[in-house]
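Colleague: Take this structure first; my questions come after.
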Amino acid sequence: MGARDGSSYISRLKAHPRDVWIAGRKVGDVTSDPVFRRPVAAMARLYDCQIDPQLRSTMTYLPDDGDEPAGVSFIIPRTHADLVHRRKAMQVWAEATFGTMGRSPDFLNTVLASMADAPEFFAEVGVGCADNVQRYYRHCRDNDLFLTHTLVNPPVDRSKSASQQADEYAYLGIVERTKDGLVVRGAKMLATHGPTADELMVYPLPFSVRPGEEKYALAFAIPVGTKGLRFICREPFDRGDQSEWDHPLGSRFEEPDAMAIFDDVLVPWDRVFLHGNVEQANTLFARTRMQSHTGHQTAVRGLAKCEFMTALAIALSRSVKTDTFIHVQEQLGECTGYLQLIEGAIVLSELKAEPSGHGTLQPALEPLQALRYHIPRFYERMVRLTQVLGAGGILANPTEADLQSDIGGDIRRYYRGAGIEAEAKIRLSKLAWDATGTQFGQRQLQYERYYAGDPVQTGAAAYRMFDHKPLLAMVDRALRLS
């Protein structure tokens with residue numbers, strides 16, 4: 001099959017029912033449900049980019065062991081050119097959604113590629129695990145499946161480990177090992193796009209499993225329609241009736257977030273990648289260099305999102321000509337400076353790519369880890385500046401219905417800007433508010449804050465992995481007397 005289009009994605013969703021609950025009701029077909037119809041359509045448009053004649057060479061590649069072009073986000077990079085190719089494809093998808101879709105397919109595709117590029121690690125894990133990973137990678141790549149994941153334990157009692165919870169299966173764990181596979185029970189979050197994906201991956205976060213808690217050490221992947229797997233979604237921000245005129249982002253790019261509940265789910269042995277080994281569970285990220293590849297995708301998407309927020313701030317200030325004031329120019333310059341720093345770190349990660357030892361490359365982790373820490377802060381600062389520069393103007397706006405009513409004349413007269421008609425100015429203000437202040441906008445902000453995990457741990461990891469020797473050598477050199 002190879003790289004697919006949007007209609008193929010939708011057809012597969014229709015053909016594979018899943019257990020999804022939202023707002024107190026069970027969903028039948030996610031492709032036609034009012035809440036999920038728009039998220040599915042947005043994802044389908046991304047897949048359509050792969051068959052666009054003008055984008056196909058950017059979005060696909062021909063695998064050495066494949067017969068059909070595959071999505072380039074599945075590529076295991078071997079050259080600097082491969083990294084650049086992948087980045088350009090990621091950029092197409094990120095810009096198509098203005099960076100607002102955190103779970104576009106390229107994220108988990110890079111996870112799977114990094115796992116497939118670490119056969120020596122999975123060979124140590126257990127008999128057949130390396131083959132399972134390789135087989136699953138080819139299956140997803142050749143069928144262009146949409147994967148999501150769920151990694152985080154529910155916030156039950158953060159002061160206690162998994163085995164110390166009142167319910168031993170409050171967190172996902174192994175119930176038993178059978179001849180057919182692992183039986184697992186418990187919950188994980190946050191499965192963004194879980195209800196609208198094809199496959200669900202589960203794997204442990206670094207150092208999240210304590211000694212003696214082997215039953216919680218597991219990594220696997222299953223179809224989202226697997227018996228016993230249920231998704232309980234958060235309250236939707238768009239129930240399918242939001243006006244695109246009044247909510248230009250929230251009506252198009254809502255991402256369903258869900259808790260994944262595993263009710264004695266059977267995971268076939270050929271879908272098990274790791275189980276029962278605490279040390280291997282805790283070092284999966286490091287041994288597969290997963291964060292180098294996911295960090296590459298995250299940074300590209302983060303750049304697109306920050307570019308969009310910067311563009312909004314500039315457009316708002318120009319609509320009322322506050323950009324003529326030096327203090328506003330200074331704030332806008334701060335934002336454009338952040339963009340240069342992000343892009344520079346992405347390019348640096350490619351230029352300093354590191355060999356795996358078996359003919360493949362990983363982007364350099366240090367600059368990407370720095371971006372994992374700083375992009376959420378850059379973005380939060382940009383959101384604040386956009387709100388400050390928009391001031392009350394992004395709040396006090398009528399609706400499309402008002403504009404088309406008997407008071408439309410007053411609106412066209414009094415809502416104008418500096419050289420911009422009222423309707424255009426109102427729509428710009430609504431775009432800015434949807435990006436920063438509505439439920440959609442606030443979800444975007446909270447999502448970025450914790451997208452890379454605990455920000456304290458992220459910052460500490462950036463310090464620990466940095467090569468301190470050249471810096472400390474400068475201190476030694478300064479202390480030496482001439």
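Chain labels run A, B, ... following the order of the structure tokens; each chain numbers its residues from 1, and ligands are numbered from 1 in the order shown.
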Which residues of range 320-355 of chain A sit at most 10 Å from range 388-401 of chain A, using only C-alpha atoms? Give each one's shortest atom pair and distance in Å (one decimal place), in chain and ascending residue order, as a Markdown table.
Modeller:
```
| residue | atom | partner | partner_atom | distance |
| --- | --- | --- | --- | --- |
| A:Val320 | CA | A:Gly390 | CA | 9.3 |
| A:Thr322 | CA | A:Leu389 | CA | 8.2 |
| A:Asp323 | CA | A:Leu389 | CA | 9.4 |
| A:Val328 | CA | A:Leu389 | CA | 7.8 |
| A:Gln331 | CA | A:Leu389 | CA | 9.2 |
| A:Leu332 | CA | A:Leu389 | CA | 9.6 |
```
Colleague: Go ahead and save the residues from that selection, with N, CA and C atoms, as a compact mmCIF listing (two decimals), in the first residue's frame.
Modeller:
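Everything below was put into part23.txt:
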```txt
# COMPACT_ATOMS: atom_id res chain seq x y z
N VAL A 320 -3.81 48.10 14.28
CA VAL A 320 -4.12 49.37 14.96
C VAL A 320 -2.89 50.28 15.02
N THR A 322 0.02 49.99 16.37
CA THR A 322 0.86 50.11 17.58
C THR A 322 2.29 49.67 17.29
N ASP A 323 2.49 49.03 16.12
CA ASP A 323 3.84 48.60 15.78
C ASP A 323 4.75 49.79 15.44
N VAL A 328 6.69 48.35 21.49
CA VAL A 328 6.02 47.25 20.81
C VAL A 328 7.00 46.55 19.86
N GLN A 331 9.12 44.20 21.76
CA GLN A 331 8.45 42.96 22.11
C GLN A 331 8.34 42.03 20.91
N LEU A 332 8.04 42.60 19.75
CA LEU A 332 7.97 41.79 18.54
C LEU A 332 9.35 41.26 18.16
```
Colleague: At a cut-off of 9 Å, using only C-alpha atoms, what residues contact Leu229 in chain A? Leave out same-chain residues fewer than 4 positions from it and give the result as an mmCIF file with N, CA and C atoms, in the first residue's frame.
Modeller:
```cif
data_model
loop_
_atom_site.group_PDB
_atom_site.id
_atom_site.type_symbol
_atom_site.label_atom_id
_atom_site.label_comp_id
_atom_site.auth_asym_id
_atom_site.auth_seq_id
_atom_site.Cartn_x
_atom_site.Cartn_y
_atom_site.Cartn_z
ATOM 1 N N ARG A 18 -14.228 1.025 17.516
ATOM 2 C CA ARG A 18 -13.483 1.089 18.768
ATOM 3 C C ARG A 18 -14.420 1.543 19.880
ATOM 4 N N ASP A 19 -14.038 1.272 21.120
ATOM 5 C CA ASP A 19 -14.865 1.573 22.296
ATOM 6 C C ASP A 19 -14.499 2.970 22.800
ATOM 7 N N VAL A 224 -6.413 -0.038 18.081
ATOM 8 C CA VAL A 224 -7.281 0.662 19.029
ATOM 9 C C VAL A 224 -8.631 -0.031 19.188
ATOM 10 N N GLY A 225 -8.969 -0.929 18.277
ATOM 11 C CA GLY A 225 -10.214 -1.664 18.389
ATOM 12 C C GLY A 225 -10.093 -2.957 19.162
ATOM 13 N N ALA A 260 -6.904 5.920 28.531
ATOM 14 C CA ALA A 260 -7.008 4.574 27.964
ATOM 15 C C ALA A 260 -7.192 3.580 29.106
ATOM 16 N N ILE A 261 -8.282 2.833 29.067
ATOM 17 C CA ILE A 261 -8.597 1.846 30.091
ATOM 18 C C ILE A 261 -8.394 0.453 29.502
ATOM 19 N N PHE A 262 -7.596 -0.357 30.159
ATOM 20 C CA PHE A 262 -7.306 -1.720 29.707
ATOM 21 C C PHE A 262 -7.994 -2.696 30.658
ATOM 22 N N ASP A 263 -9.034 -3.331 30.179
ATOM 23 C CA ASP A 263 -9.801 -4.267 30.995
ATOM 24 C C ASP A 263 -9.446 -5.692 30.601
ATOM 25 N N ASP A 264 -8.367 -6.209 31.193
ATOM 26 C CA ASP A 264 -7.855 -7.545 30.882
ATOM 27 C C ASP A 264 -7.679 -7.727 29.374
ATOM 28 N N VAL A 265 -6.905 -6.835 28.802
ATOM 29 C CA VAL A 265 -6.624 -6.841 27.362
ATOM 30 C C VAL A 265 -5.530 -7.860 27.066
#
```
Colleague: Determine, using only C-alpha atoms, which residues of range 351-459 of chain A have any atom at most 12 Å from an atom of range 195-207 of chain A, and tabulate each with its shortest atom pair and distance in Å to one decimal place, rows ordered by chain and then rising number, as a tab-separated table.
Modeller:
```
residue	atom	partner	partner_atom	distance
A:Ala452	CA	A:Leu205	CA	11.0
A:Gly453	CA	A:Leu205	CA	9.3
A:Asp454	CA	A:Leu205	CA	11.2
A:Gln457	CA	A:Pro206	CA	10.6
A:Thr458	CA	A:Pro206	CA	11.3
```
Colleague: Could you give me, as a PDB file with N, CA and C atoms, in the first residue's frame, the residues within 10 Å of range 366-373 of chain A, counting only C-alpha atoms and dropping anything in the same chain fewer than 4 positions from it?
Modeller:
```
ATOM      1  N   GLN A 291      14.600   9.974  22.017  1.00  0.00           N
ATOM      2  CA  GLN A 291      14.387  11.406  22.196  1.00  0.00           C
ATOM      3  C   GLN A 291      15.102  12.243  21.146  1.00  0.00           C
ATOM      4  N   SER A 292      16.148  11.690  20.540  1.00  0.00           N
ATOM      5  CA  SER A 292      16.801  12.420  19.457  1.00  0.00           C
ATOM      6  C   SER A 292      15.852  12.585  18.278  1.00  0.00           C
ATOM      7  N   HIS A 293      15.109  11.534  17.974  1.00  0.00           N
ATOM      8  CA  HIS A 293      14.211  11.563  16.817  1.00  0.00           C
ATOM      9  C   HIS A 293      12.899  12.280  17.138  1.00  0.00           C
ATOM     10  N   THR A 294      12.311  11.988  18.301  1.00  0.00           N
ATOM     11  CA  THR A 294      11.081  12.703  18.663  1.00  0.00           C
ATOM     12  C   THR A 294      11.364  14.177  18.903  1.00  0.00           C
ATOM     13  N   GLY A 295      12.558  14.475  19.443  1.00  0.00           N
ATOM     14  CA  GLY A 295      12.924  15.871  19.653  1.00  0.00           C
ATOM     15  C   GLY A 295      13.027  16.639  18.350  1.00  0.00           C
ATOM     16  N   HIS A 296      13.467  15.959  17.309  1.00  0.00           N
ATOM     17  CA  HIS A 296      13.555  16.574  15.978  1.00  0.00           C
ATOM     18  C   HIS A 296      12.153  16.978  15.506  1.00  0.00           C
ATOM     19  N   GLN A 297      11.196  16.047  15.595  1.00  0.00           N
ATOM     20  CA  GLN A 297       9.828  16.341  15.177  1.00  0.00           C
ATOM     21  C   GLN A 297       9.201  17.410  16.062  1.00  0.00           C
ATOM     22  N   THR A 298       9.396  17.302  17.359  1.00  0.00           N
ATOM     23  CA  THR A 298       8.818  18.261  18.294  1.00  0.00           C
ATOM     24  C   THR A 298       9.317  19.671  18.027  1.00  0.00           C
ATOM     25  N   ALA A 299      10.600  19.798  17.725  1.00  0.00           N
ATOM     26  CA  ALA A 299      11.176  21.119  17.471  1.00  0.00           C
ATOM     27  C   ALA A 299      10.630  21.727  16.188  1.00  0.00           C
ATOM     28  N   GLY A 302       7.169  22.780  16.957  1.00  0.00           N
ATOM     29  CA  GLY A 302       7.230  23.930  17.854  1.00  0.00           C
ATOM     30  C   GLY A 302       7.598  25.207  17.126  1.00  0.00           C
ATOM     31  N   LEU A 303       8.501  25.092  16.160  1.00  0.00           N
ATOM     32  CA  LEU A 303       8.872  26.270  15.369  1.00  0.00           C
ATOM     33  C   LEU A 303       7.668  26.797  14.603  1.00  0.00           C
ATOM     34  N   LEU A 341      16.464  31.352  17.192  1.00  0.00           N
ATOM     35  CA  LEU A 341      17.113  30.411  18.104  1.00  0.00           C
ATOM     36  C   LEU A 341      16.599  28.990  17.888  1.00  0.00           C
ATOM     37  N   ILE A 342      15.283  28.854  17.703  1.00  0.00           N
ATOM     38  CA  ILE A 342      14.702  27.528  17.488  1.00  0.00           C
ATOM     39  C   ILE A 342      15.222  26.922  16.185  1.00  0.00           C
ATOM     40  N   GLU A 343      15.156  27.699  15.116  1.00  0.00           N
ATOM     41  CA  GLU A 343      15.608  27.186  13.825  1.00  0.00           C
ATOM     42  C   GLU A 343      17.098  26.831  13.861  1.00  0.00           C
ATOM     43  N   GLY A 344      17.875  27.663  14.523  1.00  0.00           N
ATOM     44  CA  GLY A 344      19.305  27.393  14.618  1.00  0.00           C
ATOM     45  C   GLY A 344      19.601  26.091  15.332  1.00  0.00           C
ATOM     46  N   ALA A 345      18.862  25.805  16.396  1.00  0.00           N
ATOM     47  CA  ALA A 345      19.091  24.565  17.136  1.00  0.00           C
ATOM     48  C   ALA A 345      18.678  23.340  16.318  1.00  0.00           C
ATOM     49  N   ILE A 346      17.620  23.467  15.539  1.00  0.00           N
ATOM     50  CA  ILE A 346      17.192  22.352  14.685  1.00  0.00           C
ATOM     51  C   ILE A 346      18.280  22.030  13.663  1.00  0.00           C
ATOM     52  N   VAL A 347      18.760  23.063  12.984  1.00  0.00           N
ATOM     53  CA  VAL A 347      19.801  22.863  11.974  1.00  0.00           C
ATOM     54  C   VAL A 347      21.072  22.316  12.617  1.00  0.00           C
ATOM     55  N   LEU A 348      21.419  22.815  13.812  1.00  0.00           N
ATOM     56  CA  LEU A 348      22.602  22.331  14.514  1.00  0.00           C
ATOM     57  C   LEU A 348      22.474  20.849  14.840  1.00  0.00           C
ATOM     58  N   SER A 349      21.274  20.420  15.235  1.00  0.00           N
ATOM     59  CA  SER A 349      21.084  18.997  15.562  1.00  0.00           C
ATOM     60  C   SER A 349      21.319  18.112  14.349  1.00  0.00           C
ATOM     61  N   GLU A 350      21.035  18.634  13.164  1.00  0.00           N
ATOM     62  CA  GLU A 350      21.260  17.871  11.938  1.00  0.00           C
ATOM     63  C   GLU A 350      22.734  17.888  11.548  1.00  0.00           C
ATOM     64  N   LYS A 352      25.263  18.217  13.496  1.00  0.00           N
ATOM     65  CA  LYS A 352      26.059  17.471  14.475  1.00  0.00           C
ATOM     66  C   LYS A 352      25.495  16.064  14.711  1.00  0.00           C
ATOM     67  N   ARG A 377       8.543  27.673  27.152  1.00  0.00           N
ATOM     68  CA  ARG A 377       8.693  28.997  27.742  1.00  0.00           C
ATOM     69  C   ARG A 377       8.600  30.085  26.681  1.00  0.00           C
ATOM     70  N   PHE A 378       9.213  29.861  25.536  1.00  0.00           N
ATOM     71  CA  PHE A 378       9.080  30.820  24.439  1.00  0.00           C
ATOM     72  C   PHE A 378       7.603  30.977  24.063  1.00  0.00           C
ATOM     73  N   GLU A 448       1.552  22.393  25.736  1.00  0.00           N
ATOM     74  CA  GLU A 448       2.971  22.670  25.498  1.00  0.00           C
ATOM     75  C   GLU A 448       3.772  22.654  26.796  1.00  0.00           C
ATOM     76  N   ARG A 449       3.158  23.115  27.883  1.00  0.00           N
ATOM     77  CA  ARG A 449       3.873  23.136  29.164  1.00  0.00           C
ATOM     78  C   ARG A 449       4.368  21.745  29.550  1.00  0.00           C
ATOM     79  N   TYR A 450       3.571  20.723  29.276  1.00  0.00           N
ATOM     80  CA  TYR A 450       3.905  19.379  29.733  1.00  0.00           C
ATOM     81  C   TYR A 450       4.122  18.395  28.594  1.00  0.00           C
ATOM     82  N   TYR A 451       4.230  18.914  27.376  1.00  0.00           N
ATOM     83  CA  TYR A 451       4.403  18.047  26.211  1.00  0.00           C
ATOM     84  C   TYR A 451       5.663  17.187  26.341  1.00  0.00           C
ATOM     85  N   ALA A 452       6.736  17.776  26.824  1.00  0.00           N
ATOM     86  CA  ALA A 452       8.003  17.051  26.941  1.00  0.00           C
ATOM     87  C   ALA A 452       8.182  16.431  28.323  1.00  0.00           C
ATOM     88  N   GLY A 453       7.100  16.400  29.112  1.00  0.00           N
ATOM     89  CA  GLY A 453       7.196  15.834  30.441  1.00  0.00           C
ATOM     90  C   GLY A 453       7.420  16.902  31.502  1.00  0.00           C
ATOM     91  N   ASP A 454       7.834  16.479  32.659  1.00  0.00           N
ATOM     92  CA  ASP A 454       8.099  17.376  33.779  1.00  0.00           C
ATOM     93  C   ASP A 454       9.178  18.377  33.373  1.00  0.00           C
ATOM     94  N   PRO A 455       8.868  19.696  33.334  1.00  0.00           N
ATOM     95  CA  PRO A 455       9.866  20.667  32.891  1.00  0.00           C
ATOM     96  C   PRO A 455      11.099  20.722  33.788  1.00  0.00           C
ATOM     97  N   VAL A 456      10.945  20.428  35.071  1.00  0.00           N
ATOM     98  CA  VAL A 456      12.102  20.410  35.971  1.00  0.00           C
ATOM     99  C   VAL A 456      13.042  19.269  35.581  1.00  0.00           C
ATOM    100  N   GLN A 457      12.456  18.093  35.344  1.00  0.00           N
ATOM    101  CA  GLN A 457      13.264  16.955  34.924  1.00  0.00           C
ATOM    102  C   GLN A 457      13.918  17.213  33.573  1.00  0.00           C
ATOM    103  N   THR A 458      13.193  17.877  32.681  1.00  0.00           N
ATOM    104  CA  THR A 458      13.737  18.177  31.351  1.00  0.00           C
ATOM    105  C   THR A 458      14.955  19.081  31.457  1.00  0.00           C
ATOM    106  N   GLY A 459      14.836  20.119  32.278  1.00  0.00           N
ATOM    107  CA  GLY A 459      15.961  21.029  32.465  1.00  0.00           C
ATOM    108  C   GLY A 459      17.147  20.339  33.116  1.00  0.00           C
ATOM    109  N   ALA A 460      16.867  19.511  34.115  1.00  0.00           N
ATOM    110  CA  ALA A 460      17.948  18.791  34.795  1.00  0.00           C
ATOM    111  C   ALA A 460      18.639  17.822  33.841  1.00  0.00           C
ATOM    112  N   ALA A 461      17.839  17.184  32.974  1.00  0.00           N
ATOM    113  CA  ALA A 461      18.425  16.256  32.002  1.00  0.00           C
ATOM    114  C   ALA A 461      19.320  16.992  31.019  1.00  0.00           C
ATOM    115  N   ALA A 462      18.925  18.198  30.634  1.00  0.00           N
ATOM    116  CA  ALA A 462      19.757  18.992  29.720  1.00  0.00           C
ATOM    117  C   ALA A 462      21.112  19.293  30.353  1.00  0.00           C
ATOM    118  N   TYR A 463      21.116  19.530  31.661  1.00  0.00           N
ATOM    119  CA  TYR A 463      22.373  19.771  32.364  1.00  0.00           C
ATOM    120  C   TYR A 463      23.215  18.492  32.437  1.00  0.00           C
ATOM    121  N   MET A 465      23.255  15.779  30.564  1.00  0.00           N
ATOM    122  CA  MET A 465      23.767  15.210  29.315  1.00  0.00           C
ATOM    123  C   MET A 465      24.773  16.121  28.618  1.00  0.00           C
ATOM    124  N   PHE A 466      24.883  17.354  29.068  1.00  0.00           N
ATOM    125  CA  PHE A 466      25.794  18.294  28.411  1.00  0.00           C
ATOM    126  C   PHE A 466      27.243  17.932  28.732  1.00  0.00           C
ATOM    127  N   ASP A 467      28.117  18.105  27.758  1.00  0.00           N
ATOM    128  CA  ASP A 467      29.538  17.837  27.956  1.00  0.00           C
ATOM    129  C   ASP A 467      30.161  19.034  28.684  1.00  0.00           C
TER     130      ASP A 467
END
```
Colleague: When distances are computed from only C-alpha atoms, which of A:Met115, A:Val92, A:Cys233, A:Ala187 shows the smallest separation from Arg45 in chain A?
Modeller: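 Of the candidates, the smallest distance to Arg45 in chain A is held by A:Val92.
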Colleague: Looking only at strand (DSSP E or B) from DSSP on the backbone, list the matching residues of range 286-438 of chain A as a list of chain:residue names.
Modeller: A:Glu354, A:Pro355, A:Leu361, A:Gln362
Colleague: Excluding range 445-447 of chain A and any residue of its chain fewer than 2 positions from it, enumerate the residues within 9 Å of it, using only C-alpha atoms, and give them as a PyMOL selection string.
Modeller: chain A and resi 102+376+379-380+383+436+440-443+449-451
Colleague: Could you please take those selected residues and save N, CA and C atoms as a PDB file, in the first residue's frame?
Modeller:
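This went into part_18.pdb:
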```
ATOM      1  N   GLY A 102      -0.540  18.406  18.180  1.00  0.00           N
ATOM      2  CA  GLY A 102       0.615  17.785  18.816  1.00  0.00           C
ATOM      3  C   GLY A 102       0.781  16.323  18.474  1.00  0.00           C
ATOM      4  N   PRO A 376       8.480  25.548  25.306  1.00  0.00           N
ATOM      5  CA  PRO A 376       7.294  25.864  26.109  1.00  0.00           C
ATOM      6  C   PRO A 376       7.362  27.248  26.744  1.00  0.00           C
ATOM      7  N   TYR A 379       6.928  29.843  23.930  1.00  0.00           N
ATOM      8  CA  TYR A 379       5.533  29.875  23.493  1.00  0.00           C
ATOM      9  C   TYR A 379       4.647  30.577  24.518  1.00  0.00           C
ATOM     10  N   GLU A 380       4.849  30.273  25.798  1.00  0.00           N
ATOM     11  CA  GLU A 380       4.050  30.928  26.833  1.00  0.00           C
ATOM     12  C   GLU A 380       4.275  32.434  26.816  1.00  0.00           C
ATOM     13  N   VAL A 383       2.373  33.867  23.827  1.00  0.00           N
ATOM     14  CA  VAL A 383       0.938  33.937  24.110  1.00  0.00           C
ATOM     15  C   VAL A 383       0.630  35.183  24.938  1.00  0.00           C
ATOM     16  N   THR A 436      -5.244  31.929  21.944  1.00  0.00           N
ATOM     17  CA  THR A 436      -4.656  32.222  23.259  1.00  0.00           C
ATOM     18  C   THR A 436      -5.623  32.165  24.431  1.00  0.00           C
ATOM     19  N   PHE A 440      -9.821  26.129  23.594  1.00  0.00           N
ATOM     20  CA  PHE A 440      -8.860  25.589  22.646  1.00  0.00           C
ATOM     21  C   PHE A 440      -7.482  26.202  22.893  1.00  0.00           C
ATOM     22  N   GLY A 441      -7.426  27.514  23.026  1.00  0.00           N
ATOM     23  CA  GLY A 441      -6.154  28.194  23.231  1.00  0.00           C
ATOM     24  C   GLY A 441      -5.489  27.824  24.535  1.00  0.00           C
ATOM     25  N   GLN A 442      -6.277  27.694  25.598  1.00  0.00           N
ATOM     26  CA  GLN A 442      -5.705  27.338  26.888  1.00  0.00           C
ATOM     27  C   GLN A 442      -5.248  25.883  26.918  1.00  0.00           C
ATOM     28  N   ARG A 443      -5.952  25.017  26.191  1.00  0.00           N
ATOM     29  CA  ARG A 443      -5.491  23.634  26.073  1.00  0.00           C
ATOM     30  C   ARG A 443      -4.155  23.595  25.345  1.00  0.00           C
ATOM     31  N   ARG A 449       3.158  23.115  27.883  1.00  0.00           N
ATOM     32  CA  ARG A 449       3.873  23.136  29.164  1.00  0.00           C
ATOM     33  C   ARG A 449       4.368  21.745  29.550  1.00  0.00           C
ATOM     34  N   TYR A 450       3.571  20.723  29.276  1.00  0.00           N
ATOM     35  CA  TYR A 450       3.905  19.379  29.733  1.00  0.00           C
ATOM     36  C   TYR A 450       4.122  18.395  28.594  1.00  0.00           C
ATOM     37  N   TYR A 451       4.230  18.914  27.376  1.00  0.00           N
ATOM     38  CA  TYR A 451       4.403  18.047  26.211  1.00  0.00           C
ATOM     39  C   TYR A 451       5.663  17.187  26.341  1.00  0.00           C
TER      40      TYR A 451
END
```
Colleague: Find, counting only C-alpha atoms, the residue in A:Val27, A:Ile75, A:Ala478, A:Leu172 that gets nearest to Leu151 in chain A.
Modeller: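 With only C-alpha atoms as the atom set, the closest residue is A:Leu172.
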Colleague: Give the alpha helix (DSSP H) residues of range 150-281 of chain A, as assigned by DSSP on the backbone, as a ChimeraX atom specification.
Modeller: /A:278-281
Colleague: Please produce a file of those selected residues containing C-alpha atoms, as a PDB file, in the first residue's frame.
Modeller:
```
ATOM      1  CA  VAL A 278      12.804  -2.897  35.259  1.00  0.00           C
ATOM      2  CA  GLU A 279      16.273  -1.885  34.100  1.00  0.00           C
ATOM      3  CA  GLN A 280      15.403  -2.295  30.434  1.00  0.00           C
ATOM      4  CA  ALA A 281      12.133  -0.430  30.904  1.00  0.00           C
TER       5      ALA A 281
END
```
Colleague: Give me the residues near Val72 in chain A as a PyMOL selection string, where near means some atom within 10 Å (using only C-alpha atoms) and where sequence neighbours in that chain fewer than 2 positions away do not count.
Modeller: chain A and resi 3+50+56-63+69-70+74-77+82-83+85-90+106+109-110+141
